[in-house]
>>> print(open('start18.cif').read())   # mmCIF, all heavy atoms
data_final
#
loop_
_atom_site.label_atom_id
_atom_site.label_comp_id
_atom_site.auth_asym_id
_atom_site.auth_seq_id
_atom_site.Cartn_x
_atom_site.Cartn_y
_atom_site.Cartn_z
N MET A 1 0.85 -1.16 0.00
CA MET A 1 0.00 0.00 0.00
C MET A 1 0.90 1.23 0.00
O MET A 1 1.89 1.30 0.71
CB MET A 1 -0.90 -0.02 1.24
CG MET A 1 -1.92 1.06 1.21
SD MET A 1 -3.13 1.09 2.56
CE MET A 1 -3.13 -0.52 3.25
N PHE A 2 0.53 2.21 -0.82
CA PHE A 2 1.24 3.50 -0.88
C PHE A 2 0.30 4.54 -0.29
O PHE A 2 -0.81 4.74 -0.79
CB PHE A 2 1.59 3.82 -2.33
CG PHE A 2 2.23 5.16 -2.55
CD1 PHE A 2 3.42 5.49 -1.91
CD2 PHE A 2 1.67 6.07 -3.40
CE1 PHE A 2 4.03 6.71 -2.12
CE2 PHE A 2 2.27 7.31 -3.62
CZ PHE A 2 3.45 7.63 -2.98
N VAL A 3 0.74 5.18 0.79
CA VAL A 3 -0.08 6.13 1.53
C VAL A 3 0.63 7.47 1.59
O VAL A 3 1.83 7.54 1.83
CB VAL A 3 -0.34 5.61 2.97
CG1 VAL A 3 -1.12 6.60 3.79
CG2 VAL A 3 -1.04 4.26 2.93
N VAL A 4 -0.13 8.54 1.37
CA VAL A 4 0.39 9.90 1.47
C VAL A 4 -0.52 10.68 2.42
O VAL A 4 -1.74 10.72 2.20
CB VAL A 4 0.45 10.60 0.09
CG1 VAL A 4 0.88 12.03 0.23
CG2 VAL A 4 1.36 9.84 -0.87
N LYS A 5 0.08 11.25 3.46
CA LYS A 5 -0.67 12.04 4.45
C LYS A 5 -1.90 11.29 4.96
O LYS A 5 -2.97 11.85 5.09
CB LYS A 5 -1.07 13.39 3.87
CG LYS A 5 0.12 14.26 3.52
CD LYS A 5 -0.29 15.59 2.97
CE LYS A 5 0.95 16.38 2.59
NZ LYS A 5 0.63 17.65 1.99
N GLY A 6 -1.71 9.99 5.23
CA GLY A 6 -2.78 9.18 5.79
C GLY A 6 -3.82 8.70 4.80
O GLY A 6 -4.77 8.03 5.18
N GLN A 7 -3.67 9.01 3.52
CA GLN A 7 -4.64 8.59 2.51
C GLN A 7 -4.03 7.54 1.60
O GLN A 7 -2.93 7.73 1.07
CB GLN A 7 -5.08 9.80 1.67
CG GLN A 7 -6.10 9.45 0.64
CD GLN A 7 -6.55 10.67 -0.16
OE1 GLN A 7 -6.08 11.78 0.05
NE2 GLN A 7 -7.46 10.47 -1.08
N ARG A 8 -4.75 6.43 1.41
CA ARG A 8 -4.26 5.38 0.50
C ARG A 8 -4.34 5.90 -0.93
O ARG A 8 -5.40 6.28 -1.41
CB ARG A 8 -5.12 4.12 0.64
CG ARG A 8 -4.73 3.04 -0.35
CD ARG A 8 -5.47 1.76 -0.17
NE ARG A 8 -6.90 1.98 -0.02
CZ ARG A 8 -7.75 1.05 0.38
NH1 ARG A 8 -7.31 -0.16 0.66
NH2 ARG A 8 -9.02 1.31 0.49
N ILE A 9 -3.21 5.89 -1.61
CA ILE A 9 -3.13 6.32 -3.00
C ILE A 9 -3.11 5.12 -3.94
O ILE A 9 -3.75 5.13 -4.98
CB ILE A 9 -1.87 7.19 -3.22
CG1 ILE A 9 -1.83 8.37 -2.25
CG2 ILE A 9 -1.78 7.67 -4.66
CD1 ILE A 9 -3.02 9.31 -2.33
N VAL A 10 -2.38 4.09 -3.57
CA VAL A 10 -2.30 2.86 -4.36
C VAL A 10 -2.38 1.67 -3.42
O VAL A 10 -1.65 1.61 -2.43
CB VAL A 10 -0.99 2.78 -5.18
CG1 VAL A 10 -0.88 1.45 -5.91
CG2 VAL A 10 -0.87 3.94 -6.16
N GLY A 11 -3.24 0.73 -3.75
CA GLY A 11 -3.31 -0.51 -3.00
C GLY A 11 -3.89 -1.62 -3.86
O GLY A 11 -4.70 -1.36 -4.76
N PHE A 12 -3.44 -2.83 -3.61
CA PHE A 12 -3.98 -4.00 -4.29
C PHE A 12 -4.51 -4.93 -3.21
O PHE A 12 -3.90 -5.08 -2.16
CB PHE A 12 -2.90 -4.69 -5.13
CG PHE A 12 -2.55 -3.92 -6.37
CD1 PHE A 12 -1.62 -2.90 -6.33
CD2 PHE A 12 -3.17 -4.20 -7.58
CE1 PHE A 12 -1.29 -2.17 -7.46
CE2 PHE A 12 -2.85 -3.48 -8.73
CZ PHE A 12 -1.91 -2.47 -8.67
N ASP A 13 -5.65 -5.57 -3.48
CA ASP A 13 -6.38 -6.27 -2.43
C ASP A 13 -7.06 -7.50 -3.02
O ASP A 13 -7.34 -7.55 -4.22
CB ASP A 13 -7.42 -5.29 -1.89
CG ASP A 13 -8.01 -5.67 -0.56
OD1 ASP A 13 -7.77 -6.79 -0.09
OD2 ASP A 13 -8.73 -4.84 0.01
N ASN A 14 -7.33 -8.47 -2.19
CA ASN A 14 -8.12 -9.64 -2.60
C ASN A 14 -9.13 -9.99 -1.51
O ASN A 14 -9.28 -11.13 -1.12
CB ASN A 14 -7.22 -10.82 -2.94
CG ASN A 14 -6.49 -11.36 -1.73
OD1 ASN A 14 -6.37 -10.70 -0.72
ND2 ASN A 14 -5.98 -12.57 -1.85
N GLU A 15 -9.83 -8.98 -1.05
CA GLU A 15 -10.79 -9.14 0.03
C GLU A 15 -11.84 -10.22 -0.30
O GLU A 15 -12.35 -10.28 -1.43
CB GLU A 15 -11.50 -7.80 0.26
CG GLU A 15 -12.50 -7.81 1.37
CD GLU A 15 -13.15 -6.46 1.55
OE1 GLU A 15 -12.57 -5.45 1.15
OE2 GLU A 15 -14.25 -6.44 2.12
N ARG A 16 -12.13 -11.03 0.68
CA ARG A 16 -13.13 -12.08 0.50
C ARG A 16 -14.46 -11.44 0.08
O ARG A 16 -14.88 -10.44 0.64
CB ARG A 16 -13.34 -12.84 1.81
CG ARG A 16 -14.23 -14.05 1.65
CD ARG A 16 -14.40 -14.79 2.92
NE ARG A 16 -13.07 -15.16 3.44
CZ ARG A 16 -12.88 -15.95 4.47
NH1 ARG A 16 -13.91 -16.44 5.12
NH2 ARG A 16 -11.68 -16.26 4.87
N GLY A 17 -15.08 -12.01 -0.93
CA GLY A 17 -16.35 -11.49 -1.43
C GLY A 17 -16.18 -10.50 -2.56
O GLY A 17 -17.07 -10.37 -3.39
N LYS A 18 -15.06 -9.80 -2.59
CA LYS A 18 -14.81 -8.83 -3.65
C LYS A 18 -13.85 -9.37 -4.70
O LYS A 18 -13.85 -8.94 -5.83
CB LYS A 18 -14.22 -7.53 -3.09
CG LYS A 18 -15.19 -6.68 -2.33
CD LYS A 18 -14.54 -5.37 -1.97
CE LYS A 18 -15.51 -4.43 -1.31
NZ LYS A 18 -14.89 -3.12 -1.05
N GLY A 19 -12.99 -10.27 -4.29
CA GLY A 19 -11.99 -10.79 -5.21
C GLY A 19 -10.85 -9.81 -5.41
O GLY A 19 -10.70 -8.83 -4.68
N ASP A 20 -10.04 -10.07 -6.43
CA ASP A 20 -8.88 -9.23 -6.71
C ASP A 20 -9.34 -7.85 -7.20
O ASP A 20 -10.18 -7.75 -8.10
CB ASP A 20 -8.00 -9.87 -7.79
CG ASP A 20 -7.45 -11.21 -7.37
OD1 ASP A 20 -7.32 -11.43 -6.15
OD2 ASP A 20 -7.13 -12.02 -8.25
N HIS A 21 -8.78 -6.82 -6.60
CA HIS A 21 -9.09 -5.46 -7.03
C HIS A 21 -7.99 -4.51 -6.57
O HIS A 21 -7.16 -4.85 -5.75
CB HIS A 21 -10.46 -5.00 -6.52
CG HIS A 21 -10.58 -4.96 -5.02
ND1 HIS A 21 -10.78 -6.09 -4.25
CD2 HIS A 21 -10.52 -3.93 -4.16
CE1 HIS A 21 -10.85 -5.74 -2.98
NE2 HIS A 21 -10.69 -4.42 -2.89
N SER A 22 -8.01 -3.31 -7.15
CA SER A 22 -7.04 -2.29 -6.78
C SER A 22 -7.77 -1.05 -6.29
O SER A 22 -8.94 -0.84 -6.59
CB SER A 22 -6.15 -1.94 -7.98
OG SER A 22 -6.93 -1.41 -9.03
N HIS A 23 -7.04 -0.25 -5.54
CA HIS A 23 -7.50 1.07 -5.09
C HIS A 23 -6.50 2.06 -5.64
O HIS A 23 -5.33 2.06 -5.25
CB HIS A 23 -7.52 1.13 -3.56
CG HIS A 23 -8.42 0.13 -2.93
ND1 HIS A 23 -9.72 0.43 -2.60
CD2 HIS A 23 -8.22 -1.17 -2.59
CE1 HIS A 23 -10.28 -0.65 -2.06
NE2 HIS A 23 -9.39 -1.63 -2.05
N LEU A 24 -6.95 2.88 -6.60
CA LEU A 24 -6.06 3.82 -7.26
C LEU A 24 -6.64 5.22 -7.12
O LEU A 24 -7.65 5.55 -7.75
CB LEU A 24 -5.87 3.46 -8.73
CG LEU A 24 -5.39 2.03 -8.98
CD1 LEU A 24 -5.39 1.71 -10.47
CD2 LEU A 24 -4.00 1.81 -8.39
N ALA A 25 -6.01 6.02 -6.25
CA ALA A 25 -6.44 7.41 -6.00
C ALA A 25 -7.93 7.48 -5.66
O ALA A 25 -8.65 8.32 -6.18
CB ALA A 25 -6.10 8.29 -7.19
N GLY A 26 -8.38 6.58 -4.79
CA GLY A 26 -9.75 6.63 -4.31
C GLY A 26 -10.76 5.86 -5.15
O GLY A 26 -11.93 5.81 -4.80
N ILE A 27 -10.32 5.27 -6.25
CA ILE A 27 -11.23 4.53 -7.11
C ILE A 27 -10.90 3.04 -7.01
O ILE A 27 -9.75 2.63 -7.19
CB ILE A 27 -11.12 5.01 -8.56
CG1 ILE A 27 -11.49 6.49 -8.64
CG2 ILE A 27 -12.01 4.17 -9.48
CD1 ILE A 27 -11.19 7.12 -9.98
N GLU A 28 -11.92 2.23 -6.74
CA GLU A 28 -11.74 0.78 -6.65
C GLU A 28 -12.04 0.17 -8.01
O GLU A 28 -13.07 0.48 -8.62
CB GLU A 28 -12.69 0.21 -5.60
CG GLU A 28 -12.47 -1.24 -5.32
CD GLU A 28 -13.32 -1.74 -4.18
OE1 GLU A 28 -13.37 -1.07 -3.12
OE2 GLU A 28 -13.95 -2.80 -4.36
N ARG A 29 -11.11 -0.67 -8.48
CA ARG A 29 -11.26 -1.29 -9.80
C ARG A 29 -10.91 -2.77 -9.71
O ARG A 29 -10.02 -3.15 -8.97
CB ARG A 29 -10.28 -0.65 -10.79
CG ARG A 29 -10.50 0.81 -10.95
CD ARG A 29 -9.45 1.41 -11.82
NE ARG A 29 -9.72 2.85 -11.87
CZ ARG A 29 -8.94 3.74 -12.37
NH1 ARG A 29 -7.80 3.38 -12.90
NH2 ARG A 29 -9.26 5.00 -12.37
N PRO A 30 -11.58 -3.59 -10.54
CA PRO A 30 -11.20 -5.00 -10.59
C PRO A 30 -9.77 -5.14 -11.12
O PRO A 30 -9.31 -4.31 -11.92
CB PRO A 30 -12.18 -5.61 -11.59
CG PRO A 30 -13.26 -4.61 -11.76
CD PRO A 30 -12.70 -3.28 -11.42
N SER A 31 -9.06 -6.14 -10.67
CA SER A 31 -7.73 -6.42 -11.20
C SER A 31 -7.56 -7.94 -11.23
O SER A 31 -8.32 -8.67 -10.60
CB SER A 31 -6.63 -5.77 -10.36
OG SER A 31 -6.60 -6.31 -9.07
N SER A 32 -6.57 -8.39 -11.97
CA SER A 32 -6.33 -9.82 -12.10
C SER A 32 -4.97 -10.16 -11.51
O SER A 32 -3.96 -9.63 -11.96
CB SER A 32 -6.36 -10.23 -13.56
OG SER A 32 -7.61 -9.99 -14.12
N PHE A 33 -4.97 -11.01 -10.52
CA PHE A 33 -3.71 -11.48 -9.94
C PHE A 33 -3.21 -12.63 -10.80
O PHE A 33 -3.93 -13.60 -11.04
CB PHE A 33 -3.91 -11.94 -8.50
CG PHE A 33 -2.66 -12.54 -7.91
CD1 PHE A 33 -1.68 -11.71 -7.41
CD2 PHE A 33 -2.48 -13.91 -7.88
CE1 PHE A 33 -0.51 -12.26 -6.86
CE2 PHE A 33 -1.33 -14.47 -7.34
CZ PHE A 33 -0.34 -13.63 -6.83
N THR A 34 -1.95 -12.52 -11.27
CA THR A 34 -1.35 -13.62 -12.03
C THR A 34 -0.23 -14.26 -11.22
O THR A 34 -0.20 -15.47 -11.07
CB THR A 34 -0.82 -13.14 -13.39
OG1 THR A 34 0.03 -12.01 -13.19
CG2 THR A 34 -1.95 -12.74 -14.30
N ASP A 35 0.68 -13.41 -10.70
CA ASP A 35 1.75 -13.92 -9.85
C ASP A 35 2.35 -12.75 -9.07
O ASP A 35 2.07 -11.59 -9.35
CB ASP A 35 2.83 -14.67 -10.65
CG ASP A 35 3.49 -13.82 -11.72
OD1 ASP A 35 3.92 -12.68 -11.43
OD2 ASP A 35 3.61 -14.30 -12.86
N VAL A 36 3.16 -13.08 -8.09
CA VAL A 36 3.72 -12.07 -7.19
C VAL A 36 4.60 -11.08 -7.95
O VAL A 36 4.54 -9.87 -7.71
CB VAL A 36 4.49 -12.72 -6.02
CG1 VAL A 36 5.22 -11.68 -5.20
CG2 VAL A 36 3.54 -13.53 -5.15
N ASP A 37 5.41 -11.58 -8.87
CA ASP A 37 6.29 -10.68 -9.62
C ASP A 37 5.48 -9.63 -10.39
O ASP A 37 5.83 -8.45 -10.40
CB ASP A 37 7.18 -11.45 -10.60
CG ASP A 37 8.24 -12.26 -9.87
OD1 ASP A 37 8.62 -11.88 -8.75
OD2 ASP A 37 8.70 -13.27 -10.44
N GLN A 38 4.39 -10.04 -11.03
CA GLN A 38 3.56 -9.09 -11.77
C GLN A 38 2.86 -8.12 -10.83
O GLN A 38 2.72 -6.94 -11.13
CB GLN A 38 2.54 -9.82 -12.64
CG GLN A 38 1.77 -8.89 -13.56
CD GLN A 38 2.68 -8.16 -14.52
OE1 GLN A 38 3.45 -8.80 -15.23
NE2 GLN A 38 2.62 -6.84 -14.55
N LEU A 39 2.42 -8.60 -9.67
CA LEU A 39 1.79 -7.74 -8.68
C LEU A 39 2.76 -6.64 -8.23
O LEU A 39 2.39 -5.46 -8.16
CB LEU A 39 1.33 -8.56 -7.47
CG LEU A 39 0.70 -7.79 -6.32
CD1 LEU A 39 -0.58 -7.10 -6.76
CD2 LEU A 39 0.44 -8.73 -5.16
N ILE A 40 3.99 -7.00 -7.96
CA ILE A 40 5.00 -6.02 -7.55
C ILE A 40 5.26 -5.02 -8.66
O ILE A 40 5.32 -3.81 -8.42
CB ILE A 40 6.30 -6.73 -7.11
CG1 ILE A 40 6.04 -7.51 -5.82
CG2 ILE A 40 7.44 -5.73 -6.94
CD1 ILE A 40 7.15 -8.47 -5.43
N THR A 41 5.37 -5.51 -9.89
CA THR A 41 5.58 -4.61 -11.04
C THR A 41 4.41 -3.65 -11.19
O THR A 41 4.61 -2.44 -11.37
CB THR A 41 5.76 -5.43 -12.33
OG1 THR A 41 6.92 -6.24 -12.19
CG2 THR A 41 5.88 -4.54 -13.55
N ASP A 42 3.18 -4.16 -11.12
CA ASP A 42 1.99 -3.31 -11.24
C ASP A 42 1.96 -2.25 -10.14
O ASP A 42 1.64 -1.08 -10.40
CB ASP A 42 0.71 -4.15 -11.16
CG ASP A 42 0.53 -5.07 -12.36
OD1 ASP A 42 1.23 -4.89 -13.38
OD2 ASP A 42 -0.32 -5.97 -12.26
N PHE A 43 2.32 -2.64 -8.93
CA PHE A 43 2.34 -1.70 -7.81
C PHE A 43 3.36 -0.59 -8.05
O PHE A 43 3.05 0.60 -7.92
CB PHE A 43 2.66 -2.44 -6.51
CG PHE A 43 2.73 -1.54 -5.32
CD1 PHE A 43 1.58 -1.10 -4.69
CD2 PHE A 43 3.96 -1.12 -4.82
CE1 PHE A 43 1.64 -0.25 -3.59
CE2 PHE A 43 4.04 -0.28 -3.72
CZ PHE A 43 2.88 0.15 -3.10
N ILE A 44 4.56 -0.96 -8.44
CA ILE A 44 5.62 0.04 -8.69
C ILE A 44 5.21 0.99 -9.80
O ILE A 44 5.39 2.21 -9.69
CB ILE A 44 6.96 -0.66 -8.99
CG1 ILE A 44 7.47 -1.35 -7.72
CG2 ILE A 44 7.98 0.32 -9.54
CD1 ILE A 44 8.64 -2.29 -7.95
N VAL A 45 4.63 0.46 -10.88
CA VAL A 45 4.19 1.31 -11.99
C VAL A 45 3.15 2.32 -11.52
O VAL A 45 3.24 3.51 -11.84
CB VAL A 45 3.62 0.44 -13.14
CG1 VAL A 45 2.84 1.26 -14.14
CG2 VAL A 45 4.74 -0.32 -13.82
N GLU A 46 2.17 1.88 -10.74
CA GLU A 46 1.12 2.79 -10.27
C GLU A 46 1.66 3.84 -9.30
O GLU A 46 1.26 5.00 -9.35
CB GLU A 46 -0.03 2.00 -9.64
CG GLU A 46 -0.79 1.14 -10.61
CD GLU A 46 -1.48 1.93 -11.72
OE1 GLU A 46 -1.71 3.15 -11.58
OE2 GLU A 46 -1.82 1.31 -12.74
N VAL A 47 2.57 3.45 -8.41
CA VAL A 47 3.16 4.42 -7.48
C VAL A 47 3.97 5.45 -8.26
O VAL A 47 3.82 6.66 -8.04
CB VAL A 47 4.04 3.71 -6.42
CG1 VAL A 47 4.87 4.73 -5.64
CG2 VAL A 47 3.17 2.90 -5.48
N GLU A 48 4.79 5.02 -9.18
CA GLU A 48 5.60 5.96 -9.98
C GLU A 48 4.71 6.89 -10.80
O GLU A 48 5.00 8.07 -10.92
CB GLU A 48 6.58 5.20 -10.88
CG GLU A 48 7.69 4.54 -10.12
CD GLU A 48 8.52 5.51 -9.28
OE1 GLU A 48 8.86 6.60 -9.78
OE2 GLU A 48 8.81 5.19 -8.13
N ARG A 49 3.63 6.37 -11.36
CA ARG A 49 2.71 7.19 -12.14
C ARG A 49 2.16 8.33 -11.28
O ARG A 49 2.10 9.48 -11.71
CB ARG A 49 1.57 6.32 -12.66
CG ARG A 49 0.58 7.07 -13.52
CD ARG A 49 -0.48 6.14 -14.10
NE ARG A 49 0.19 5.28 -15.05
CZ ARG A 49 -0.20 4.04 -15.34
NH1 ARG A 49 -1.24 3.52 -14.73
NH2 ARG A 49 0.43 3.32 -16.23
N ARG A 50 1.81 8.03 -10.05
CA ARG A 50 1.25 9.06 -9.18
C ARG A 50 2.32 10.01 -8.64
O ARG A 50 2.07 11.19 -8.50
CB ARG A 50 0.45 8.41 -8.06
CG ARG A 50 -0.95 8.08 -8.56
CD ARG A 50 -1.47 6.76 -8.11
NE ARG A 50 -2.74 6.49 -8.74
CZ ARG A 50 -2.87 5.86 -9.91
NH1 ARG A 50 -1.82 5.43 -10.56
NH2 ARG A 50 -4.06 5.64 -10.44
N ARG A 51 3.50 9.50 -8.37
CA ARG A 51 4.59 10.37 -7.93
C ARG A 51 4.97 11.37 -9.01
O ARG A 51 5.25 12.53 -8.74
CB ARG A 51 5.82 9.55 -7.54
CG ARG A 51 5.73 8.92 -6.20
CD ARG A 51 7.01 8.24 -5.87
NE ARG A 51 7.02 7.83 -4.49
CZ ARG A 51 7.94 7.03 -3.98
NH1 ARG A 51 8.90 6.52 -4.73
NH2 ARG A 51 7.89 6.69 -2.70
N ASN A 52 4.99 10.92 -10.24
CA ASN A 52 5.36 11.79 -11.37
C ASN A 52 4.28 12.78 -11.73
O ASN A 52 4.56 13.77 -12.40
CB ASN A 52 5.75 10.94 -12.59
CG ASN A 52 7.02 10.18 -12.36
OD1 ASN A 52 7.89 10.58 -11.60
ND2 ASN A 52 7.14 9.03 -13.00
N ALA A 53 3.04 12.52 -11.32
CA ALA A 53 1.93 13.40 -11.64
C ALA A 53 1.90 14.65 -10.76
O ALA A 53 1.23 15.62 -11.06
CB ALA A 53 0.61 12.65 -11.51
N ARG A 54 2.65 14.62 -9.67
CA ARG A 54 2.62 15.77 -8.74
C ARG A 54 3.42 16.92 -9.24
O ARG A 54 4.35 16.97 -9.85
CB ARG A 54 3.15 15.36 -7.37
CG ARG A 54 2.21 14.42 -6.69
CD ARG A 54 2.54 14.41 -5.25
NE ARG A 54 2.82 13.06 -4.79
CZ ARG A 54 3.38 12.81 -3.64
NH1 ARG A 54 3.78 13.77 -2.87
NH2 ARG A 54 3.57 11.60 -3.25
#
>>> encode(input="start18.cif", output="structure tokens")
Amino acid sequence: MFVVKGQRIVGFDNERGKGDHSHLAGIERPSSFTDVDQLITDFIVEVERRRNAR
């Protein structure tokens, strides 16, 4: 999870009942888990995208 000033900016989750999904700047979206390496890559890409947008 990437948090700025107490607010979740990027997170990936697999909550029971909801399945795989992401939280990107306050918006929850479905996502597909394939493997840990891809999850880490996706997380880094999303964090960098938001860091560069500031």
>>> resolve_selection(input="start18.cif", expression="the PyMOL selection byres ((chain A and resi 33) around 3.5)", output="list of chain:residue names")
A:Asp20, A:Ser32, A:Thr34
>>> select_by_dssp(input="start18.cif", residues="chain A", states="strand (DSSP E)", output="PyMOL selection string")
chain A and resi 2-4+7-13+21-24+27-30
>>> resolve_selection(input="start18.cif", expression="the PyMOL selection byres ((chain A and resi 25) around 5)", output="PDB file with all heavy atoms, in the frame of the given file")
ATOM      1  N   ARG A   8      -4.750   6.430   1.410  1.00  0.00           N
ATOM      2  CA  ARG A   8      -4.260   5.380   0.500  1.00  0.00           C
ATOM      3  C   ARG A   8      -4.340   5.900  -0.930  1.00  0.00           C
ATOM      4  O   ARG A   8      -5.400   6.280  -1.410  1.00  0.00           O
ATOM      5  CB  ARG A   8      -5.120   4.120   0.640  1.00  0.00           C
ATOM      6  CG  ARG A   8      -4.730   3.040  -0.350  1.00  0.00           C
ATOM      7  CD  ARG A   8      -5.470   1.760  -0.170  1.00  0.00           C
ATOM      8  NE  ARG A   8      -6.900   1.980  -0.020  1.00  0.00           N
ATOM      9  CZ  ARG A   8      -7.750   1.050   0.380  1.00  0.00           C
ATOM     10  NH1 ARG A   8      -7.310  -0.160   0.660  1.00  0.00           N
ATOM     11  NH2 ARG A   8      -9.020   1.310   0.490  1.00  0.00           N
ATOM     12  N   ILE A   9      -3.210   5.890  -1.610  1.00  0.00           N
ATOM     13  CA  ILE A   9      -3.130   6.320  -3.000  1.00  0.00           C
ATOM     14  C   ILE A   9      -3.110   5.120  -3.940  1.00  0.00           C
ATOM     15  O   ILE A   9      -3.750   5.130  -4.980  1.00  0.00           O
ATOM     16  CB  ILE A   9      -1.870   7.190  -3.220  1.00  0.00           C
ATOM     17  CG1 ILE A   9      -1.830   8.370  -2.250  1.00  0.00           C
ATOM     18  CG2 ILE A   9      -1.780   7.670  -4.660  1.00  0.00           C
ATOM     19  CD1 ILE A   9      -3.020   9.310  -2.330  1.00  0.00           C
ATOM     20  N   VAL A  10      -2.380   4.090  -3.570  1.00  0.00           N
ATOM     21  CA  VAL A  10      -2.300   2.860  -4.360  1.00  0.00           C
ATOM     22  C   VAL A  10      -2.380   1.670  -3.420  1.00  0.00           C
ATOM     23  O   VAL A  10      -1.650   1.610  -2.430  1.00  0.00           O
ATOM     24  CB  VAL A  10      -0.990   2.780  -5.180  1.00  0.00           C
ATOM     25  CG1 VAL A  10      -0.880   1.450  -5.910  1.00  0.00           C
ATOM     26  CG2 VAL A  10      -0.870   3.940  -6.160  1.00  0.00           C
ATOM     27  N   HIS A  23      -7.040  -0.250  -5.540  1.00  0.00           N
ATOM     28  CA  HIS A  23      -7.500   1.070  -5.090  1.00  0.00           C
ATOM     29  C   HIS A  23      -6.500   2.060  -5.640  1.00  0.00           C
ATOM     30  O   HIS A  23      -5.330   2.060  -5.250  1.00  0.00           O
ATOM     31  CB  HIS A  23      -7.520   1.130  -3.560  1.00  0.00           C
ATOM     32  CG  HIS A  23      -8.420   0.130  -2.930  1.00  0.00           C
ATOM     33  ND1 HIS A  23      -9.720   0.430  -2.600  1.00  0.00           N
ATOM     34  CD2 HIS A  23      -8.220  -1.170  -2.590  1.00  0.00           C
ATOM     35  CE1 HIS A  23     -10.280  -0.650  -2.060  1.00  0.00           C
ATOM     36  NE2 HIS A  23      -9.390  -1.630  -2.050  1.00  0.00           N
ATOM     37  N   LEU A  24      -6.950   2.880  -6.600  1.00  0.00           N
ATOM     38  CA  LEU A  24      -6.060   3.820  -7.260  1.00  0.00           C
ATOM     39  C   LEU A  24      -6.640   5.220  -7.120  1.00  0.00           C
ATOM     40  O   LEU A  24      -7.650   5.550  -7.750  1.00  0.00           O
ATOM     41  CB  LEU A  24      -5.870   3.460  -8.730  1.00  0.00           C
ATOM     42  CG  LEU A  24      -5.390   2.030  -8.980  1.00  0.00           C
ATOM     43  CD1 LEU A  24      -5.390   1.710 -10.470  1.00  0.00           C
ATOM     44  CD2 LEU A  24      -4.000   1.810  -8.390  1.00  0.00           C
ATOM     45  N   GLY A  26      -8.380   6.580  -4.790  1.00  0.00           N
ATOM     46  CA  GLY A  26      -9.750   6.630  -4.310  1.00  0.00           C
ATOM     47  C   GLY A  26     -10.760   5.860  -5.150  1.00  0.00           C
ATOM     48  O   GLY A  26     -11.930   5.810  -4.800  1.00  0.00           O
ATOM     49  N   ILE A  27     -10.320   5.270  -6.250  1.00  0.00           N
ATOM     50  CA  ILE A  27     -11.230   4.530  -7.110  1.00  0.00           C
ATOM     51  C   ILE A  27     -10.900   3.040  -7.010  1.00  0.00           C
ATOM     52  O   ILE A  27      -9.750   2.630  -7.190  1.00  0.00           O
ATOM     53  CB  ILE A  27     -11.120   5.010  -8.560  1.00  0.00           C
ATOM     54  CG1 ILE A  27     -11.490   6.490  -8.640  1.00  0.00           C
ATOM     55  CG2 ILE A  27     -12.010   4.170  -9.480  1.00  0.00           C
ATOM     56  CD1 ILE A  27     -11.190   7.120  -9.980  1.00  0.00           C
ATOM     57  N   ARG A  50       1.810   8.030 -10.050  1.00  0.00           N
ATOM     58  CA  ARG A  50       1.250   9.060  -9.180  1.00  0.00           C
ATOM     59  C   ARG A  50       2.320  10.010  -8.640  1.00  0.00           C
ATOM     60  O   ARG A  50       2.070  11.190  -8.500  1.00  0.00           O
ATOM     61  CB  ARG A  50       0.450   8.410  -8.060  1.00  0.00           C
ATOM     62  CG  ARG A  50      -0.950   8.080  -8.560  1.00  0.00           C
ATOM     63  CD  ARG A  50      -1.470   6.760  -8.110  1.00  0.00           C
ATOM     64  NE  ARG A  50      -2.740   6.490  -8.740  1.00  0.00           N
ATOM     65  CZ  ARG A  50      -2.870   5.860  -9.910  1.00  0.00           C
ATOM     66  NH1 ARG A  50      -1.820   5.430 -10.560  1.00  0.00           N
ATOM     67  NH2 ARG A  50      -4.060   5.640 -10.440  1.00  0.00           N
TER      68      ARG A  50
END
>>> select_by_dssp(input="start18.cif", residues="chain A", states="alpha helix (DSSP H)", output="ChimeraX atom specification")
/A:36-53
>>> atom_distance(input="start18.cif", atom1="CA of His21 (chain A)", atom2="CD of Lys5 (chain A)")
24.9 Å
>>> atom_distance(input="start18.cif", atom1="CA of Gln7 (chain A)", atom2="CA of Pro30 (chain A)")
20.0 Å
>>> resolve_selection(input="start18.cif", expression="the PyMOL selection byres (((chain A and resi 46 and name CA) around 12) and name CA)", output="count of residues only")
24
>>> atom_distance(input="start18.cif", atom1="OD2 of Asp13 (chain A)", atom2="CD of Arg29 (chain A)")
13.4 Å
